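Below is one structure, written out as structure tokens; the observations come after it.
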Amino acid sequence: MSNINKTMAEKDIRLVSSKQKFGHFLGQFFVYFFLIVMAIIVLFPFYWMLISSVKSLDEYRLAVPTLFPREILWGNYVTAFNQANLGTLFLNTLYVGVVSTILSLVITVLSAFAFARLEFKGKNTMFAALLATMMIPGELFTITNYVTVNQLGWMKTYTVLIVPFLVSVFYIYLLRQNFMQIPNELYLAAKVDGTSDLKYLWKVMIPLALPTLISITILKMMGAWNSYVWPRLVANDAAHQLITNGLRNAFTDASGQADIPVQMAAVAIVSLPLFLVFVFLRKYIMKGVSRGGLKG
Amino acid sequence: MVESKHSWKAWLYLAPAIVLLLVFTVWPIINTVRLAFLEDYNSSMAIGGATYEFGIRNFAKVLQYKDFINCLTNTILLCVLTVPLSTILALLIAVCLKQIKPLQRALQTIFFLPYVTNSIAIGMVFAAMFNMVGSAFGGENELIITAGIINNVIEFFGGQPINWINSGSAYWANIVVMVVYIVWNALPFKILILLGGLQSINTQYYDAAKVDGTRRARVFTRITVPLLSPMLAYVVITGFIGGFKEYSSIVGIFGEKMGPAGDPGRLNTMVGFIYDALAGDHTGRASAAALILFGIILVVTLINLQVSKKNTHY
């Protein structure tokens with residue numbers, strides 16, 4: 001009797017579990033379906049950019065668009081490179097990006113070291129005041145900075161693209177948190193050995209905080225690559241123009257007859273370095289971003 | 001501890017940062033408020049020695065300006081449409097990503113991809129996708145040869161092509177394009193934060209729900225959303241702050257004229273208004289508009305914090 005009961009119960013459990021399994025399977029199917037559809041939507045603009053960039057204008061204008069180009073026209077890239085003057089723009093951007101990244105790293109490391117390791121009066125007040133400035137939208141700074149750089153005679157120079165944004169409170173905060181995790185005993189031991197602050201900073205703290213420094217470098221370089229508003233206001237001349245401004249200006253004509261394949265080739269060229277950074281250094285970017293970094 | 005005689009050293013290390021912050025961060029905060037209350041302040045004239053009276057005329061002028069009301073409407077409309085939409089989509093994607101094992105990392109990478117793009121450059125891709133190919137100026141002998149890929153898809157399903165962004169396009173069509181682009185752009189950051197939040201939720205809650213045989217929908221509304229509420233609040237607040245500063249995505253799609261051909265400035269935003277005033281040497285007006293923007297952001301953030309305080313479970 002009890003045996004029969006037992007097998008019945010087992011059968012019940014098996015029934016329930018196979019029903020659950022089917023429900024689970026169906027659920028997973030919908031989950032994957034949704035994710036893959038969304039992934040295709042997210043990727044589609046990139047795909048469209050790439051295939052359009054190698055089409056001929058005639059093929060691009062076909063009533064029924066081709067999903068893969070019949071004939072691959074690499075020449076569009078040459079045309080785009082010359083038409084938008086991408087070489088000069090690229091060098092300008094690289095110069096501004098590298099110089100501002102290096103100076104910014106030096107300033108950030110020194111400040112973060114002072115806040116993390118040294119004792120001085122008003123340290124906490126000072127740090128709180130710095131953090132408070134992060135809440136104010138950047139547009140508020142831009143107005144007075146525009147007046148200031150005008151008075152300093154910095155308009156249409158590289159200086160105006162580099163100096164106003166050298167200090168990022170967020171990066172100082174990020175690096176200070178990282179420095180604080182390094183045990184203070186190391187610092188005191190170095191002091192006993194008579195190692196200077198700067199040597200200690202260079203030999204111990206910088207190597208230990210390298211991942212954070214790499215995150216900062218990437219975000220700063222990407223900032224130069226993507227900056228648009230400030231350069232447009234203060235240095236939009238041919239000699240100092242940065243890549244984003246140049247790209248948008250090169251293809252803004254009122255004719256309405258834009259050669260979209262060439263335009264897409266230019267966009268692809270500008271997007272490529274970001275792509276490479278993303279592929280090889282994704283984990284540093286995601287770490288920086290998830291700890292509160294906003295775009296730019 | 002380190003002796004206090006070293007404190008001059010600390011100030012030496014901080015000196016470059018402090019000097020730059022004083023000039024380019026602290027002074028602007030004070031000065032922008034000052035300029036906003038100097039009537040009709042104009043920076044080039046001020047260098048020439050002109051003086052200005054204190055008053056609130058700048059604010060009154062900004063508010064009376066027809067363009068400003070247009071910019072404000074556009075900004076608020078885009079904010080109200082994109083923030084909820086992108087948050088809900090990001091939440092769905094994050095929850096789904098959490099539930100799968102194979103392909104999880106690959107899909108996570110794909111969803112993060114739009115973050116690492118140039119919003120002007122990819123805006124131009126979206127503009128091409130929504131574009132009418134050929135001449136869209138609509139002269140009598142001019143034919144629209146075909147429409148961009150979005151219209152091709154619409155036609156494929158038997159619909160009529162829509163003039164999304166070209167000359168003569170409808171306002172709602174422009175807004176749809178902007179919403180699609182802004183949501184596409186906003187997803188990666190939100191997914192990253194929400195997925196991070198989901199992964200830190202203790203699995204015991206889900207195990208308990210499983211034992212009780214709780215249905216998926218109920219698990220979602222009773223466990224996932226409440227435990228994720230701090231992250232959701234963060235994503236919504238930063239979304240609103242970013243949304244009120246919307247600018248370069250519109251430049252990406254419509255160019256620096258901020259509107260379809262023939263109707264420049266139709267889609268201009270608050271930030272665009274500020275930059276236009278600044279470039280046009282109306283520094284006082286720009287400052288007043290920036291303070292108004294700051295005030296709006298502050299109020300919206302405070303409301304958000306208040307609402308999330310009531311509904312957030314820490």
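Ordering of the structure tokens sets the chain letters (A, B, ...); residue numbers start at 1 within each chain; ligands are numbered from 1 in the order shown.
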What are the closest atom pairs, with distances in Å to one decimal, for each residue of chain A lying within 6 Å of chain B, using only C-alpha atoms, rows by chain and rising residue number, as a tab-separated table?
residue	atom	partner	partner_atom	distance
A:Val31	CA	B:Cys96	CA	5.6
A:Ala63	CA	B:Thr146	CA	5.1
A:Leu110	CA	B:Tyr13	CA	5.2
A:Ser111	CA	B:Leu14	CA	4.9
A:Ala114	CA	B:Ala10	CA	5.1
A:Phe120	CA	B:Ser7	CA	4.9
A:Leu140	CA	B:Ala290	CA	5.8
A:Phe141	CA	B:Pro28	CA	5.1
A:Thr144	CA	B:Pro28	CA	5.0
A:Pro164	CA	B:Phe24	CA	5.9
A:Val167	CA	B:Ala17	CA	6.0
A:Asn226	CA	B:Asn118	CA	5.4
A:Val267	CA	B:Ala121	CA	5.4
Exercise for the section: Can you check which residues of stretch 180-300 of chain B DSSP gives as helix (DSSP H, G or I) on the backbone and send them as a PyMOL selection string? Expected result: chain B and resi 180-199+203-211+216-244+248-254+270-279+283-300
Problem - Selection near A:Ala265, 12 Å with only C-alpha atoms, sequence-local residues under 3 positions removed, as a PyMOL selection string - result: (chain A and resi 46+48-56+73-84+86+247+251+259-262+268-272) or (chain B and resi 121-122+124-125)
Store the residues of this selection in a file with N, CA, C and O atoms, as a short mmCIF file (atom, residue, chain, number, x, y, z; two decimals), in the first residue's frame.
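Listing of part29.cif after writing:
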data_model
loop_
_atom_site.label_atom_id
_atom_site.label_comp_id
_atom_site.auth_asym_id
_atom_site.auth_seq_id
_atom_site.Cartn_x
_atom_site.Cartn_y
_atom_site.Cartn_z
N PHE A 46 25.64 49.95 -37.05
CA PHE A 46 27.05 49.71 -37.37
C PHE A 46 27.17 48.94 -38.68
O PHE A 46 28.00 49.26 -39.54
N TRP A 48 24.96 48.84 -41.07
CA TRP A 48 24.52 49.70 -42.18
C TRP A 48 25.62 50.68 -42.56
O TRP A 48 25.84 50.95 -43.74
N MET A 49 26.30 51.22 -41.55
CA MET A 49 27.41 52.13 -41.80
C MET A 49 28.48 51.43 -42.64
O MET A 49 28.94 51.98 -43.66
N LEU A 50 28.85 50.21 -42.25
CA LEU A 50 29.95 49.51 -42.92
C LEU A 50 29.58 49.14 -44.35
O LEU A 50 30.36 49.38 -45.28
N ILE A 51 28.38 48.56 -44.57
CA ILE A 51 28.09 48.15 -45.94
C ILE A 51 27.81 49.35 -46.83
O ILE A 51 28.17 49.35 -47.99
N SER A 52 27.21 50.42 -46.27
CA SER A 52 26.96 51.59 -47.10
C SER A 52 28.27 52.26 -47.50
O SER A 52 28.36 52.87 -48.56
N SER A 53 29.27 52.13 -46.63
CA SER A 53 30.52 52.86 -46.88
C SER A 53 31.29 52.31 -48.08
O SER A 53 32.18 52.98 -48.58
N VAL A 54 30.96 51.11 -48.54
CA VAL A 54 31.68 50.56 -49.69
C VAL A 54 30.79 50.42 -50.93
O VAL A 54 31.19 49.84 -51.93
N LYS A 55 29.57 50.97 -50.84
CA LYS A 55 28.68 50.90 -52.00
C LYS A 55 28.93 52.06 -52.94
O LYS A 55 29.39 53.13 -52.51
N SER A 56 28.57 51.87 -54.20
CA SER A 56 28.57 53.01 -55.10
C SER A 56 27.30 53.80 -54.84
O SER A 56 26.32 53.26 -54.30
N LEU A 73 33.66 49.10 -53.00
CA LEU A 73 34.36 50.29 -53.48
C LEU A 73 35.21 50.87 -52.36
O LEU A 73 34.76 51.74 -51.62
N TRP A 74 36.46 50.40 -52.24
CA TRP A 74 37.30 50.94 -51.17
C TRP A 74 37.65 52.40 -51.42
O TRP A 74 38.01 53.12 -50.50
N GLY A 75 37.53 52.82 -52.66
CA GLY A 75 37.85 54.19 -53.03
C GLY A 75 37.07 55.22 -52.23
O GLY A 75 37.53 56.34 -52.03
N ASN A 76 35.86 54.84 -51.74
CA ASN A 76 35.08 55.76 -50.91
C ASN A 76 35.88 56.24 -49.71
O ASN A 76 35.76 57.38 -49.28
N TYR A 77 36.70 55.33 -49.17
CA TYR A 77 37.48 55.69 -47.99
C TYR A 77 38.53 56.74 -48.32
O TYR A 77 38.76 57.67 -47.54
N VAL A 78 39.14 56.59 -49.50
CA VAL A 78 40.14 57.59 -49.92
C VAL A 78 39.46 58.94 -50.13
O VAL A 78 39.92 59.97 -49.63
N THR A 79 38.32 58.91 -50.83
CA THR A 79 37.58 60.15 -51.06
C THR A 79 37.21 60.81 -49.74
O THR A 79 37.39 62.02 -49.55
N ALA A 80 36.69 60.00 -48.82
CA ALA A 80 36.26 60.54 -47.53
C ALA A 80 37.44 61.15 -46.79
O ALA A 80 37.34 62.25 -46.24
N PHE A 81 38.56 60.43 -46.81
CA PHE A 81 39.74 60.89 -46.08
C PHE A 81 40.20 62.25 -46.60
O PHE A 81 40.53 63.14 -45.82
N ASN A 82 40.17 62.40 -47.92
CA ASN A 82 40.61 63.67 -48.51
C ASN A 82 39.56 64.76 -48.36
O ASN A 82 39.87 65.89 -48.00
N GLN A 83 38.30 64.39 -48.64
CA GLN A 83 37.25 65.41 -48.63
C GLN A 83 37.07 66.03 -47.25
O GLN A 83 36.89 67.24 -47.12
N ALA A 84 37.11 65.20 -46.21
CA ALA A 84 36.92 65.73 -44.87
C ALA A 84 38.23 66.15 -44.24
O ALA A 84 38.26 66.57 -43.09
N LEU A 86 40.65 64.40 -43.16
CA LEU A 86 40.72 63.64 -41.90
C LEU A 86 42.14 63.54 -41.35
O LEU A 86 42.33 63.42 -40.15
N LEU A 247 34.31 66.43 -38.94
CA LEU A 247 33.43 65.44 -39.57
C LEU A 247 32.06 66.02 -39.83
O LEU A 247 31.52 65.90 -40.94
N PHE A 251 30.42 67.51 -44.06
CA PHE A 251 29.30 66.96 -44.82
C PHE A 251 28.01 67.71 -44.59
O PHE A 251 26.93 67.20 -44.82
N ASP A 259 26.69 62.70 -50.70
CA ASP A 259 27.13 61.38 -51.14
C ASP A 259 27.24 60.50 -49.90
O ASP A 259 28.26 60.46 -49.23
N ILE A 260 26.13 59.82 -49.59
CA ILE A 260 26.07 59.12 -48.31
C ILE A 260 27.13 58.02 -48.17
O ILE A 260 27.73 57.91 -47.11
N PRO A 261 27.42 57.21 -49.23
CA PRO A 261 28.48 56.23 -49.04
C PRO A 261 29.81 56.84 -48.59
O PRO A 261 30.45 56.31 -47.68
N VAL A 262 30.20 57.98 -49.18
CA VAL A 262 31.45 58.62 -48.76
C VAL A 262 31.34 59.11 -47.32
O VAL A 262 32.25 58.95 -46.51
N ALA A 268 32.94 55.76 -40.56
CA ALA A 268 33.60 54.50 -40.20
C ALA A 268 35.05 54.75 -39.79
O ALA A 268 35.55 54.15 -38.83
N ILE A 269 35.73 55.65 -40.52
CA ILE A 269 37.13 55.95 -40.17
C ILE A 269 37.20 56.55 -38.77
O ILE A 269 38.05 56.19 -37.96
N VAL A 270 36.28 57.47 -38.48
CA VAL A 270 36.29 58.12 -37.16
C VAL A 270 35.92 57.12 -36.06
O VAL A 270 36.41 57.21 -34.94
N SER A 271 35.06 56.15 -36.39
CA SER A 271 34.61 55.19 -35.38
C SER A 271 35.64 54.10 -35.11
O SER A 271 35.63 53.48 -34.04
N LEU A 272 36.53 53.86 -36.09
CA LEU A 272 37.44 52.72 -35.97
C LEU A 272 38.32 52.75 -34.71
O LEU A 272 38.38 51.73 -34.01
N ALA B 121 29.02 61.18 -34.93
CA ALA B 121 29.28 60.30 -36.06
C ALA B 121 28.13 59.31 -36.26
O ALA B 121 27.61 59.15 -37.36
N ILE B 122 27.72 58.64 -35.16
CA ILE B 122 26.67 57.64 -35.31
C ILE B 122 25.33 58.32 -35.59
O ILE B 122 24.46 57.76 -36.26
N MET B 124 25.01 60.63 -37.64
CA MET B 124 24.99 60.75 -39.10
C MET B 124 24.54 59.44 -39.75
O MET B 124 23.89 59.45 -40.79
N VAL B 125 24.88 58.30 -39.11
CA VAL B 125 24.41 57.01 -39.63
C VAL B 125 22.89 56.92 -39.49
O VAL B 125 22.19 56.51 -40.43
#
Fill in the blank from the handout: As a check of understanding: the span from atom CA of A:Leu166 to atom CA of A:Pro137 is 16.8 Å
Do you know which residues are at most 6 Å from stretch 175-182 of chain A counting only C-alpha atoms, after dropping those on the same chain fewer than 3 positions away, and could you put them as a PDB file with all heavy atoms, in the first residue's frame?
ATOM      1  N   ALA A 112      45.646  63.207  -5.892  1.00  0.00           N
ATOM      2  CA  ALA A 112      45.115  62.013  -5.233  1.00  0.00           C
ATOM      3  C   ALA A 112      46.073  61.543  -4.143  1.00  0.00           C
ATOM      4  O   ALA A 112      45.658  61.117  -3.067  1.00  0.00           O
ATOM      5  CB  ALA A 112      44.890  60.904  -6.257  1.00  0.00           C
ATOM      6  N   ALA A 116      45.151  61.135  -0.291  1.00  0.00           N
ATOM      7  CA  ALA A 116      45.121  59.780   0.237  1.00  0.00           C
ATOM      8  C   ALA A 116      46.174  59.548   1.317  1.00  0.00           C
ATOM      9  O   ALA A 116      45.959  58.779   2.245  1.00  0.00           O
ATOM     10  CB  ALA A 116      45.306  58.769  -0.892  1.00  0.00           C
ATOM     11  N   ILE A 172      40.250  62.453  -9.748  1.00  0.00           N
ATOM     12  CA  ILE A 172      40.963  62.578  -8.472  1.00  0.00           C
ATOM     13  C   ILE A 172      40.299  61.675  -7.437  1.00  0.00           C
ATOM     14  O   ILE A 172      40.969  60.934  -6.715  1.00  0.00           O
ATOM     15  CB  ILE A 172      40.979  64.046  -7.986  1.00  0.00           C
ATOM     16  CG1 ILE A 172      41.791  64.917  -8.961  1.00  0.00           C
ATOM     17  CG2 ILE A 172      41.555  64.154  -6.577  1.00  0.00           C
ATOM     18  CD1 ILE A 172      41.822  66.383  -8.601  1.00  0.00           C
TER      19      ILE A 172
END
Problem - Distance in Å - atom CA of A:Gly246 versus atom CA of A:Ala224 - result: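 These two atoms are separated by 13.2 Å.
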Handout entry: Who sits within 10 Å of A:Phe127, only C-alpha atoms, same chain under 3 positions skipped, as a PyMOL selection string
Key = chain A and resi 115+122-124+130-132+169+172-173
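Between B:Trp164 and the candidates B:Ile56, B:Ile182, B:Gly259, B:Ile191, the tightest atom-to-atom separation, counting only C-alpha atoms, involves B:Gly259.
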Problem - Contact residues around A:Thr93 with only C-alpha atoms at 8 Å, ignoring same-chain residues under 6 positions, as a PyMOL selection string - result: chain A and resi 224-225+241-243
Let me see the file: selected residues, C-alpha atoms, as a compact mmCIF listing (two decimals), in the first residue's frame.
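Produced file part-v8.txt, reproduced below:
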# COMPACT_ATOMS: atom_id res chain seq x y z
CA ALA A 224 39.21 64.39 -26.84
CA TRP A 225 38.01 62.20 -29.68
CA GLN A 241 39.73 71.80 -35.61
CA LEU A 242 39.15 68.48 -33.86
CA ILE A 243 37.86 65.38 -35.57
Fill in the blank from the handout: Atom pair atom CA of B:Leu77 + atom CA of B:Val307, distance 20.5 Å
Completion exercise
Residue with the minimum atom-to-atom distance to B:Val179, picked from B:Ser86, B:Asn268, B:Ser200, B:Asn58 with only C-alpha atoms counted, is B:Ser86
Exercise for the section: Find the residues near B:Ile303: any atom within 12 Å, counting only C-alpha atoms, skip ones fewer than 6 places away on the same chain, and give them as a ChimeraX atom specification. Expected result: /B:233,236-237,240,296-297,309-310
